[in-house]
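*Asks:* As input, take query16.txt (compact mmCIF, C-alpha atoms):
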```txt
# COMPACT_ATOMS: atom_id res chain seq x y z
CA MET A 1 37.66 -23.98 107.11
CA ALA A 2 33.91 -24.25 106.88
CA LEU A 3 32.19 -26.02 104.03
CA ARG A 4 28.78 -24.56 103.56
CA GLY A 5 26.54 -24.54 100.54
CA ASN A 6 23.46 -25.68 98.73
CA LEU A 7 22.78 -29.15 97.28
CA ARG A 8 21.59 -27.50 94.07
CA ASP A 9 25.17 -26.43 93.42
CA PHE A 10 27.12 -29.20 95.10
CA SER A 11 25.51 -32.62 95.27
CA THR A 12 25.71 -35.22 98.03
CA THR A 13 27.91 -37.37 95.79
CA GLN A 14 30.35 -34.52 95.23
CA LEU A 15 30.39 -33.73 98.95
CA LEU A 16 31.19 -37.31 99.94
CA ASN A 17 33.84 -37.49 97.25
CA LEU A 18 35.43 -34.33 98.61
CA ILE A 19 35.36 -35.64 102.20
CA SER A 20 36.86 -38.96 101.08
CA LEU A 21 39.64 -37.46 98.97
CA ALA A 22 40.51 -34.80 101.54
CA ARG A 23 40.34 -37.44 104.31
CA LYS A 24 38.24 -35.14 106.46
CA THR A 25 37.15 -35.64 110.04
CA GLY A 26 33.97 -33.98 111.22
CA THR A 27 30.21 -33.90 110.88
CA LEU A 28 28.20 -33.07 107.79
CA THR A 29 24.70 -31.78 108.40
CA ILE A 30 22.28 -31.79 105.48
CA GLU A 31 18.86 -30.22 105.71
CA SER A 32 16.20 -30.65 103.07
CA ASN A 33 12.42 -30.25 103.09
CA GLY A 34 12.23 -30.27 106.89
CA LYS A 35 14.49 -33.34 107.18
CA ARG A 36 17.87 -33.18 108.86
CA SER A 37 20.61 -35.77 108.43
CA ARG A 38 23.93 -35.87 110.18
CA LEU A 39 26.84 -37.85 108.82
CA CYS A 40 30.06 -38.29 110.79
CA PHE A 41 33.43 -38.96 109.21
CA LYS A 42 36.85 -39.90 110.50
CA GLU A 43 39.81 -39.46 108.18
CA GLY A 44 37.62 -39.67 105.12
CA LYS A 45 35.59 -42.69 106.22
CA LEU A 46 31.91 -42.63 107.08
CA ILE A 47 31.55 -43.74 110.70
CA TYR A 48 27.98 -42.80 111.59
CA ALA A 49 24.82 -41.40 110.04
CA THR A 50 21.46 -40.64 111.54
CA GLN A 51 18.30 -38.64 111.04
CA ASP A 52 17.57 -38.88 114.75
CA GLU A 53 18.60 -35.85 116.81
CA HIS A 54 20.26 -38.05 119.45
CA GLY A 55 21.38 -40.83 117.11
CA GLY A 56 19.66 -44.21 116.88
CA HIS A 57 19.57 -46.25 120.11
CA LEU A 58 21.30 -49.64 119.70
CA ALA A 59 18.27 -51.47 121.08
CA THR A 60 16.06 -49.90 118.38
CA ILE A 61 18.62 -50.68 115.69
CA LEU A 62 18.84 -54.34 116.77
CA GLN A 63 15.07 -54.56 116.94
CA GLN A 64 14.74 -53.19 113.40
CA ALA A 65 17.30 -55.76 112.30
CA GLY A 66 15.23 -58.54 113.88
CA LYS A 67 17.88 -59.40 116.48
CA LEU A 68 15.79 -58.32 119.48
CA THR A 69 12.06 -58.51 120.09
CA GLU A 70 10.05 -55.36 120.65
CA GLU A 71 9.66 -56.26 124.30
CA GLN A 72 13.39 -56.83 124.78
CA ALA A 73 14.22 -53.55 123.10
CA ARG A 74 11.72 -51.64 125.22
CA ALA A 75 13.06 -53.19 128.41
CA ILE A 76 16.62 -52.23 127.51
CA ARG A 77 15.70 -48.65 126.62
CA THR A 78 14.08 -48.14 130.01
CA ARG A 79 17.18 -49.37 131.90
CA MET A 80 18.73 -45.96 132.41
CA GLU A 81 21.85 -47.26 134.14
CA ILE A 82 23.21 -48.36 130.76
CA LYS A 83 24.94 -45.21 129.65
CA SER A 84 26.31 -45.96 126.20
CA ASP A 85 25.63 -48.22 123.23
CA LYS A 86 29.12 -49.67 123.58
CA GLU A 87 28.33 -50.74 127.13
CA LEU A 88 24.98 -52.13 126.04
CA GLY A 89 26.54 -54.02 123.15
CA LEU A 90 29.02 -55.67 125.46
CA LEU A 91 26.25 -56.69 127.88
CA LEU A 92 24.14 -58.18 125.08
CA ILE A 93 27.09 -60.15 123.67
CA ASN A 94 28.05 -61.46 127.13
CA ALA A 95 24.44 -62.45 127.80
CA GLY A 96 24.35 -64.33 124.49
CA TYR A 97 21.51 -62.32 122.94
CA VAL A 98 23.52 -61.23 119.93
CA SER A 99 26.98 -61.73 118.47
CA GLN A 100 29.51 -59.01 117.76
CA GLU A 101 28.90 -59.63 114.06
CA ASP A 102 25.16 -59.05 114.53
CA ILE A 103 25.85 -55.65 116.08
CA ILE A 104 28.37 -54.59 113.44
CA LYS A 105 26.06 -55.66 110.62
CA SER A 106 22.98 -54.00 112.12
CA VAL A 107 24.72 -50.70 112.86
CA ARG A 108 26.31 -50.71 109.40
CA ASN A 109 22.90 -51.17 107.78
CA TYR A 110 21.42 -48.44 109.98
CA ILE A 111 24.16 -46.02 108.89
CA LEU A 112 23.80 -46.87 105.21
CA ASN A 113 20.01 -46.69 105.31
CA ASN A 114 20.35 -43.17 106.63
CA VAL A 115 22.81 -42.18 103.93
CA TYR A 116 21.37 -43.56 100.68
CA PRO A 117 18.15 -41.50 100.69
CA ILE A 118 20.25 -38.34 100.83
CA PHE A 119 21.59 -39.05 97.35
CA THR A 120 18.18 -38.23 95.93
CA TRP A 121 18.00 -34.87 97.69
CA THR A 122 18.57 -32.16 95.14
CA GLU A 123 17.36 -29.23 97.24
CA GLY A 124 18.65 -28.25 100.64
CA THR A 125 21.63 -26.90 102.49
CA PHE A 126 24.73 -28.51 103.91
CA TYR A 127 27.29 -27.57 106.52
CA PHE A 128 30.46 -29.45 107.44
CA GLU A 129 31.92 -28.91 110.88
CA ALA A 130 35.52 -30.07 110.93
CA SER A 131 36.72 -32.13 113.91
CA VAL A 132 33.24 -32.19 115.49
CA LEU A 133 32.09 -35.73 116.26
CA PRO A 134 28.85 -36.02 118.24
CA PHE A 135 27.24 -39.34 119.22
CA GLU A 136 30.34 -40.48 121.09
CA ASP A 137 28.18 -42.88 123.07
CA ARG A 138 27.05 -44.61 119.86
CA ILE A 139 28.82 -47.47 118.11
CA THR A 140 30.59 -46.27 115.00
CA ILE A 141 31.66 -48.40 112.04
CA PRO A 142 34.24 -47.13 109.55
CA ILE A 143 32.84 -47.52 106.03
CA ASN A 144 34.76 -46.76 102.84
CA LEU A 145 33.06 -43.89 101.10
CA GLU A 146 33.92 -45.25 97.66
CA SER A 147 31.46 -48.14 98.15
CA VAL A 148 28.81 -45.82 99.58
CA ILE A 149 29.20 -43.46 96.66
CA ILE A 150 28.90 -46.28 94.14
CA GLU A 151 25.71 -47.62 95.71
CA GLY A 152 24.30 -44.12 96.22
CA SER A 153 25.03 -43.28 92.63
CA ARG A 154 23.22 -46.45 91.54
CA ARG A 155 20.15 -45.15 93.26
CA MET A 156 20.23 -41.81 91.56
CA GLN A 157 17.82 -41.90 88.69
CA GLU A 158 18.41 -38.45 87.39
CA TRP A 159 19.14 -38.63 83.73
CA GLU A 160 19.46 -34.90 83.27
CA ARG A 161 21.93 -34.61 86.06
CA LEU A 162 24.02 -37.44 84.65
CA GLN A 163 24.03 -35.86 81.25
CA ASP A 164 25.10 -32.60 82.78
CA GLU A 165 27.97 -34.17 84.69
CA LEU A 166 29.18 -36.22 81.74
CA PRO A 167 28.21 -34.35 78.60
CA ASN A 168 30.88 -35.78 76.32
CA LEU A 169 30.91 -39.51 75.61
CA ASP A 170 33.83 -39.10 73.21
CA MET A 171 36.26 -38.82 76.12
CA ALA A 172 38.28 -41.86 77.23
CA LEU A 173 38.90 -43.23 80.71
CA LYS A 174 41.98 -44.29 82.56
CA PHE A 175 42.50 -45.79 85.99
CA VAL A 176 43.83 -43.50 88.66
CA GLU A 177 47.08 -44.51 90.35
CA ARG A 178 46.95 -47.78 92.29
CA PRO A 179 43.35 -48.73 91.50
CA ASP A 180 43.92 -52.37 92.52
CA ALA A 181 43.96 -51.64 96.26
CA ARG A 182 40.72 -49.66 95.96
CA LEU A 183 39.00 -52.14 93.68
CA ARG A 184 39.52 -54.95 96.22
CA ASP A 185 37.17 -53.29 98.74
CA ILE A 186 34.46 -52.34 96.29
CA ASN A 187 31.49 -54.37 95.18
CA LEU A 188 31.01 -53.82 91.49
CA SER A 189 28.04 -55.16 89.54
CA VAL A 190 28.48 -57.39 86.51
CA GLU A 191 27.71 -54.42 84.25
CA GLU A 192 30.32 -52.30 85.98
CA TRP A 193 32.94 -55.01 85.60
CA ARG A 194 32.14 -55.19 81.89
CA VAL A 195 32.86 -51.47 81.58
CA VAL A 196 35.97 -51.72 83.78
CA SER A 197 37.41 -54.41 81.51
CA PHE A 198 37.36 -52.00 78.55
CA ILE A 199 38.92 -49.01 80.32
CA ASN A 200 41.86 -47.84 78.29
CA PRO A 201 42.86 -44.38 76.99
CA ARG A 202 42.36 -45.75 73.45
CA ASN A 203 38.64 -46.49 73.99
CA THR A 204 36.13 -43.67 74.17
CA ILE A 205 33.17 -44.02 76.54
CA ARG A 206 30.91 -44.25 73.49
CA GLN A 207 32.93 -47.18 72.15
CA ILE A 208 32.79 -48.97 75.51
CA ALA A 209 29.01 -48.59 75.44
CA GLN A 210 28.89 -50.02 71.92
CA PHE A 211 31.10 -53.01 72.86
CA ASN A 212 28.74 -53.80 75.74
CA ASN A 213 25.45 -52.98 74.00
CA MET A 214 24.67 -50.32 76.56
CA SER A 215 22.51 -47.23 76.15
CA ASP A 216 23.92 -43.75 76.73
CA PHE A 217 22.03 -43.67 80.01
CA GLN A 218 23.46 -46.97 81.23
CA ILE A 219 27.03 -46.09 80.39
CA ARG A 220 26.70 -42.60 81.87
CA LYS A 221 25.38 -44.08 85.10
CA ILE A 222 28.26 -46.52 85.41
CA VAL A 223 31.02 -44.13 84.37
CA TYR A 224 29.66 -41.43 86.67
CA ALA A 225 29.74 -43.82 89.63
CA LEU A 226 33.31 -44.90 88.83
CA LEU A 227 34.40 -41.26 88.48
CA GLN A 228 32.78 -40.17 91.75
CA ALA A 229 34.36 -43.10 93.57
CA GLY A 230 37.71 -41.86 92.32
CA LEU A 231 38.57 -45.09 90.52
CA VAL A 232 38.93 -43.62 87.04
CA GLU A 233 39.49 -40.25 85.44
CA LEU A 234 38.56 -38.68 82.13
CA VAL A 235 41.28 -38.25 79.53
CA GLN A 236 41.45 -37.18 75.94
CA PRO A 237 41.37 -40.33 73.79
CA GLU A 238 44.80 -41.17 72.40
CA GLY A 239 45.38 -39.44 69.08
CA VAL A 240 43.07 -36.49 69.79
CA ALA A 241 44.99 -33.24 70.14
CA LYS A 242 42.73 -30.63 71.68
CA PRO A 243 39.57 -30.67 73.77
CA ALA A 244 36.44 -29.02 72.47
CA PRO A 245 35.34 -25.89 74.33
CA GLY A 246 33.45 -26.83 77.45
CA ALA A 247 34.49 -30.47 77.32
CA PRO A 248 35.66 -32.09 80.56
CA SER A 249 39.40 -32.16 80.73
CA GLY A 250 42.02 -34.74 81.39
CA ALA A 251 45.67 -34.03 82.03
CA PRO A 252 46.51 -30.38 81.45
CA VAL A 253 48.29 -29.58 78.22
CA MET A 254 50.20 -26.36 78.68
CA ARG A 255 52.76 -24.96 76.31
CA ALA A 256 55.12 -22.05 76.72
CA PRO A 257 53.77 -18.88 75.09
CA ALA A 258 55.77 -17.19 72.34
CA VAL A 259 57.72 -14.87 74.58
CA LYS A 260 61.40 -14.62 75.51
CA ARG A 261 62.64 -15.88 78.85
CA SER A 262 64.27 -12.50 79.55
CA VAL A 263 60.93 -10.71 79.21
CA VAL A 264 59.29 -12.99 81.77
CA GLU A 265 62.27 -12.64 84.11
CA LYS A 266 62.00 -8.87 83.85
CA ILE A 267 58.33 -8.93 84.87
CA ILE A 268 59.07 -11.33 87.74
CA GLY A 269 61.88 -9.07 88.96
CA PHE A 270 59.55 -6.08 88.83
CA LEU A 271 56.77 -7.79 90.77
CA GLN A 272 59.17 -9.14 93.39
CA ARG A 273 60.27 -5.62 94.30
CA MET B 274 57.92 -1.07 73.20
CA GLN B 275 56.97 -4.64 74.00
CA THR B 276 53.62 -5.50 75.55
CA VAL B 277 52.50 -8.73 77.13
CA LYS B 278 49.04 -9.70 78.21
CA ILE B 279 47.62 -11.75 81.06
CA VAL B 280 43.90 -12.51 81.13
CA VAL B 281 41.95 -12.68 84.39
CA THR B 282 38.80 -14.72 84.02
CA GLY B 283 36.23 -16.38 86.24
CA PRO B 284 32.52 -16.49 87.02
CA PHE B 285 30.28 -13.52 87.67
CA SER B 286 31.24 -11.65 90.88
CA ALA B 287 34.46 -13.61 91.47
CA GLY B 288 36.41 -10.38 92.02
CA LYS B 289 38.14 -9.94 88.65
CA THR B 290 37.74 -6.15 88.46
CA GLN B 291 39.01 -5.80 92.04
CA PHE B 292 41.99 -8.09 91.27
CA ILE B 293 43.08 -5.84 88.40
CA GLN B 294 42.35 -2.63 90.27
CA THR B 295 44.56 -3.72 93.16
CA ILE B 296 47.68 -4.15 91.03
CA SER B 297 47.16 -1.74 88.13
CA GLU B 298 49.18 1.49 88.09
CA ILE B 299 46.41 3.27 86.21
CA GLU B 300 42.79 3.65 87.14
CA VAL B 301 41.28 0.54 85.61
CA VAL B 302 39.52 1.16 82.34
CA ALA B 303 36.35 -0.65 83.27
CA THR B 304 33.36 -1.22 81.03
CA GLU B 305 30.86 -1.64 83.80
CA LYS B 306 27.13 -1.37 83.49
CA LYS B 307 24.32 -1.29 86.01
CA ILE B 308 22.96 -4.78 86.66
CA SER B 309 19.62 -5.30 84.95
CA ARG B 310 18.72 -8.90 85.88
CA PRO B 311 17.28 -9.28 89.38
CA GLU B 312 19.01 -12.64 89.96
CA GLU B 313 22.39 -11.01 89.34
CA ARG B 314 21.73 -8.01 91.55
CA ILE B 315 24.21 -8.98 94.25
CA LYS B 316 26.38 -6.04 93.24
CA ASP B 317 25.55 -2.72 91.60
CA GLN B 318 27.63 -2.99 88.45
CA THR B 319 29.17 -5.68 86.29
CA THR B 320 31.78 -5.82 83.54
CA VAL B 321 30.23 -6.15 80.07
CA ALA B 322 33.21 -5.99 77.72
CA MET B 323 36.47 -6.08 79.65
CA ASP B 324 38.54 -4.52 82.38
CA PHE B 325 41.88 -3.17 81.44
CA GLY B 326 44.82 -2.58 83.77
CA ARG B 327 48.43 -1.70 83.10
CA ILE B 328 51.77 -2.30 84.81
CA SER B 329 54.85 -0.55 83.36
CA VAL B 330 57.67 -3.01 83.98
CA ALA B 331 60.36 -0.98 82.20
CA ASP B 332 60.57 1.79 79.64
CA ASP B 333 60.30 -0.79 76.91
CA LEU B 334 58.03 -3.36 78.55
CA VAL B 335 54.40 -3.12 79.65
CA LEU B 336 52.21 -5.81 81.18
CA TYR B 337 48.50 -5.50 80.43
CA LEU B 338 45.87 -7.22 82.51
CA PHE B 339 42.54 -7.94 80.85
CA GLY B 340 39.53 -8.99 82.88
CA THR B 341 36.76 -10.86 81.11
CA PRO B 342 33.07 -10.18 81.62
CA GLY B 343 31.72 -12.77 84.05
CA GLN B 344 28.24 -13.14 82.64
CA ARG B 345 27.81 -15.84 79.98
CA ARG B 346 25.83 -13.56 77.66
CA PHE B 347 28.99 -11.53 77.08
CA ASP B 348 31.20 -14.54 76.37
CA PHE B 349 31.68 -13.54 72.71
CA MET B 350 34.39 -11.25 74.14
CA TRP B 351 36.37 -14.09 75.68
CA GLU B 352 38.02 -15.42 72.55
CA ILE B 353 39.02 -11.93 71.46
CA LEU B 354 40.61 -11.26 74.83
CA ALA B 355 42.35 -14.63 74.88
CA GLU B 356 44.24 -13.99 71.67
CA GLY B 357 48.01 -13.69 72.23
CA MET B 358 47.83 -14.00 76.00
CA LEU B 359 50.90 -15.00 77.99
CA GLY B 360 48.73 -16.99 80.37
CA PHE B 361 45.54 -16.68 82.33
CA VAL B 362 44.24 -16.63 85.87
CA VAL B 363 40.92 -18.28 86.73
CA LEU B 364 39.54 -16.43 89.72
CA VAL B 365 37.07 -18.37 91.87
CA ASP B 366 34.92 -16.96 94.65
CA SER B 367 35.78 -19.38 97.48
CA VAL B 368 32.60 -18.64 99.41
CA LYS B 369 30.20 -19.30 96.54
CA PRO B 370 30.03 -23.03 95.72
CA GLU B 371 27.14 -22.24 93.37
CA THR B 372 29.70 -20.72 90.99
CA PHE B 373 32.16 -23.66 90.99
CA ARG B 374 30.51 -25.45 88.08
CA GLU B 375 30.66 -22.25 86.03
CA ALA B 376 34.31 -21.74 87.01
CA ARG B 377 35.12 -25.25 85.75
CA SER B 378 33.35 -24.57 82.48
CA ILE B 379 35.18 -21.25 81.98
CA LEU B 380 38.51 -22.96 82.70
CA ASP B 381 37.81 -25.61 80.06
CA THR B 382 36.74 -22.99 77.54
CA PHE B 383 39.89 -20.91 77.99
CA ARG B 384 42.11 -23.98 77.84
CA ALA B 385 40.57 -24.75 74.49
CA TYR B 386 41.32 -21.24 73.18
CA ALA B 387 45.06 -21.58 73.76
CA PRO B 388 47.27 -24.13 75.53
CA VAL B 389 49.03 -21.39 77.51
CA PRO B 390 49.90 -21.67 81.22
CA TYR B 391 47.24 -20.88 83.79
CA VAL B 392 46.66 -20.88 87.52
CA VAL B 393 43.50 -20.96 89.61
CA ALA B 394 43.20 -18.28 92.31
CA ALA B 395 40.94 -19.11 95.24
CA ASN B 396 39.69 -15.61 96.03
CA LYS B 397 38.15 -14.23 99.25
CA GLN B 398 40.28 -16.43 101.49
CA ASP B 399 39.95 -13.77 104.19
CA LEU B 400 36.28 -14.67 104.67
CA GLU B 401 35.26 -17.16 107.32
CA ASP B 402 33.26 -19.44 105.03
CA ALA B 403 35.92 -19.66 102.33
CA TRP B 404 36.58 -23.14 100.94
CA SER B 405 40.27 -23.97 101.22
CA PRO B 406 42.32 -24.14 97.99
CA GLU B 407 42.68 -27.92 98.39
CA ASP B 408 38.92 -28.38 98.80
CA LEU B 409 38.40 -26.19 95.73
CA ARG B 410 40.84 -28.34 93.77
CA ILE B 411 38.71 -31.41 94.48
CA ALA B 412 35.41 -29.63 93.91
CA LEU B 413 36.54 -28.23 90.55
CA ARG B 414 38.38 -31.45 89.61
CA ILE B 415 41.61 -29.55 89.03
CA PRO B 416 44.56 -31.88 88.37
CA LYS B 417 47.37 -31.84 90.90
CA GLU B 418 49.77 -30.38 88.32
CA VAL B 419 47.77 -27.14 88.21
CA LYS B 420 48.44 -24.56 90.91
CA VAL B 421 45.51 -23.46 93.07
CA ILE B 422 46.65 -20.35 94.93
CA PRO B 423 44.98 -18.70 97.92
CA CYS B 424 44.09 -15.11 97.11
CA VAL B 425 42.55 -11.95 98.53
CA ALA B 426 41.94 -9.67 95.56
CA THR B 427 41.93 -6.53 97.70
CA ASN B 428 45.46 -7.26 98.90
CA ARG B 429 48.28 -6.14 96.62
CA GLU B 430 50.81 -8.71 97.87
CA SER B 431 48.29 -11.50 97.39
CA VAL B 432 47.53 -10.41 93.82
CA LYS B 433 51.26 -10.10 93.08
CA ASN B 434 51.76 -13.63 94.41
CA VAL B 435 49.14 -15.03 92.00
CA LEU B 436 50.77 -13.29 89.04
CA LEU B 437 54.23 -14.44 90.11
CA GLU B 438 53.08 -18.06 90.37
CA LEU B 439 51.76 -17.81 86.82
CA LEU B 440 55.02 -16.28 85.60
CA TYR B 441 57.12 -18.98 87.33
CA LEU B 442 55.05 -21.51 85.46
CA VAL B 443 55.72 -19.71 82.17
CA LEU B 444 59.46 -19.84 82.91
CA GLU B 445 59.27 -23.54 83.75
CA LEU B 446 57.59 -24.27 80.42
CA ILE B 447 60.06 -22.13 78.47
CA ASP B 448 62.92 -24.07 80.10
CA LYS B 449 61.24 -27.40 79.43
CA GLU B 450 60.76 -26.57 75.78
CA GLY B 451 64.32 -25.25 75.47
CA GLY B 452 63.37 -21.62 74.79
CA GLU B 453 65.65 -18.62 75.21
```
Mind turning this structure into structure tokens?

*Replies:*
Amino acid sequence: MALRGNLRDFSTTQLLNLISLARKTGTLTIESNGKRSRLCFKEGKLIYATQDEHGGHLATILQQAGKLTEEQARAIRTRMEIKSDKELGLLLINAGYVSQEDIIKSVRNYILNNVYPIFTWTEGTFYFEASVLPFEDRITIPINLESVIIEGSRRMQEWERLQDELPNLDMALKFVERPDARLRDINLSVEEWRVVSFINPRNTIRQIAQFNNMSDFQIRKIVYALLQAGLVELVQPEGVAKPAPGAPSGAPVMRAPAVKRSVVEKIIGFLQR
Amino acid sequence: MQTVKIVVTGPFSAGKTQFIQTISEIEVVATEKKISRPEERIKDQTTVAMDFGRISVADDLVLYLFGTPGQRRFDFMWEILAEGMLGFVVLVDSVKPETFREARSILDTFRAYAPVPYVVAANKQDLEDAWSPEDLRIALRIPKEVKVIPCVATNRESVKNVLLELLYLVLELIDKEGGE
């Protein structure tokens, strides 16, 4: 199924969260103000990102990372017999110019540097093509989207947006199932750890902010990042019965309506005919 | 004569009137009005008070379907319509991500009116650009316990399936709470 829409309605953060949770494979193209970014994913992990139509050449990436001189990079780019970045990488490692770690680190930084600016794009269109993975000749690095989302969210300085996403600070937070495995791979800041240590369905977000002397803006920023990374979820604080209209919801509370079983069975029987 | 009521809600242009029309045995009593705001002129008419459909289940039992007006400025009608409902269906236009935020807000509002069972129907699944029900679940942050059902509001079997899923849920809850 196609995913197509506008960033005004569905932000980059929400898109990446969706791709991560649904473990999607394919290419996301985002266009905004004449710029075009393409992000490739495999089973919910970011593997490549570029704003270059043909993807970034490894020689250019290594030059930008300071691993090759301008002259070396130019010489490599003109050697047309080297077909793919993978082949080039192998040659450079064997010749002792760079290590495997240098390549992985440089490509990773290239990918991330092409992704983070997109978080600030609020206008534009997106299109996700499932199972389409261009740039096969480029080196891809699987990167957990949770970490990308957290860092991207840090860079978003949109107070209004944050307020819109998290209007009610009187909700509580709880960890999603098995957060330990996810937390191991994520780099949290000191401030984020301080919030994490208070997460408990008994504490409202407002109380956590008070414990840590944080402003509404600071706490919103941190909680929003944790929510988008799928580490925590919003719940009604313990002891509060019913959500206010329009408030974000936690676990659904459904009760049987005041109607007899036989009446419902009769309607079901009728509709099944 | 016993009557029961199911409410069909959702954002503007989600297909609520069509959903009721497809299953109702009577011509739907629609309170539609010509669209006045240019930004909402993607269809000619919109519901301003409610849509009203009827299904006669037996001589002594009638199921009423009430559709809510989709535009926020008519939301004073929602609470009135929600009173005494058996459950509700939140209809979402699967090809319009710009309405997802509104759908989420409507869902929260109706949940606050009454803790009755509900399902989310991902409408327009016959269109090429439709978001899948599972993608919609993530986009709307719908918990896994809540059913998100694929739907084509112009198709009678599809509409019946949505209503049946809601009714199965009602039965489940009656059983869980030890009702008769």

*Asks:* Mind listing as a PyMOL selection string which residues of chain A are within 6 Å of chain B, counting all atoms listed in the file?

*Replies:* chain A and resi 2+9+245-246+254-257+260-261

*Asks:* At what distance in Å, to one decimal, does CA of Leu231 in chain A lie from CA of Glu146 in chain A?

*Replies:*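 Atom-to-atom, CA of Glu146 in chain A and CA of Leu231 in chain A are spaced 8.5 Å apart.
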
*Asks:* Just to confirm, what's the straight-line distance from CA of Arg77 in chain A to CA of Ile47 in chain A in Å (one decimal)?

*Replies:* 23.0 Å

*Asks:* Between CA of Lys397 in chain B and CA of Ala426 in chain B, what is the distance in Å, rounded to a tenth?

*Replies:* 7.0 Å

*Asks:* If the box runs along x, y and z of the file and leaves 4 Å on each side of range 278-288 of chain B, what are its centre and edge lengths in Å, one decimal, as lines of an AutoDock Vina configuration file?

*Replies:*
```
center_x = 39.7
center_y = -13.1
center_z = 85.1
size_x = 26.8
size_y = 14.8
size_z = 21.8
```

*Asks:* Just checking: using all atoms listed in the file, which residue out of A:Ala130, A:Leu271, A:Val176, A:Val190 ends up closest to Val232 in chain A?

*Replies:*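 Answer, going by the shortest atom-to-atom distance: A:Val176.
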
*Asks:* With distances taken over all atoms listed in the file, which residue among B:Val365, B:Ile279, B:Trp351, B:Pro284 lies nearest Arg327 in chain B?

*Replies:* B:Ile279

*Asks:* Given the choices A:Val223, A:Trp193, A:Gln272, A:Lys266, which gets closest to Asp332 in chain B if the distance is worked out from all atoms listed in the file?

*Replies:*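 Of A:Val223, A:Trp193, A:Gln272, A:Lys266, the one nearest Asp332 in chain B is A:Lys266, counting all atoms listed in the file.
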
*Asks:* Pick from B:Val281, B:Ala376, B:Ile422, B:Ala287: nearest to Ala394 in chain B, with only C-alpha atoms counted?

*Replies:*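 Once distances to Ala394 in chain B are computed over only C-alpha atoms, the minimum belongs to B:Ile422.
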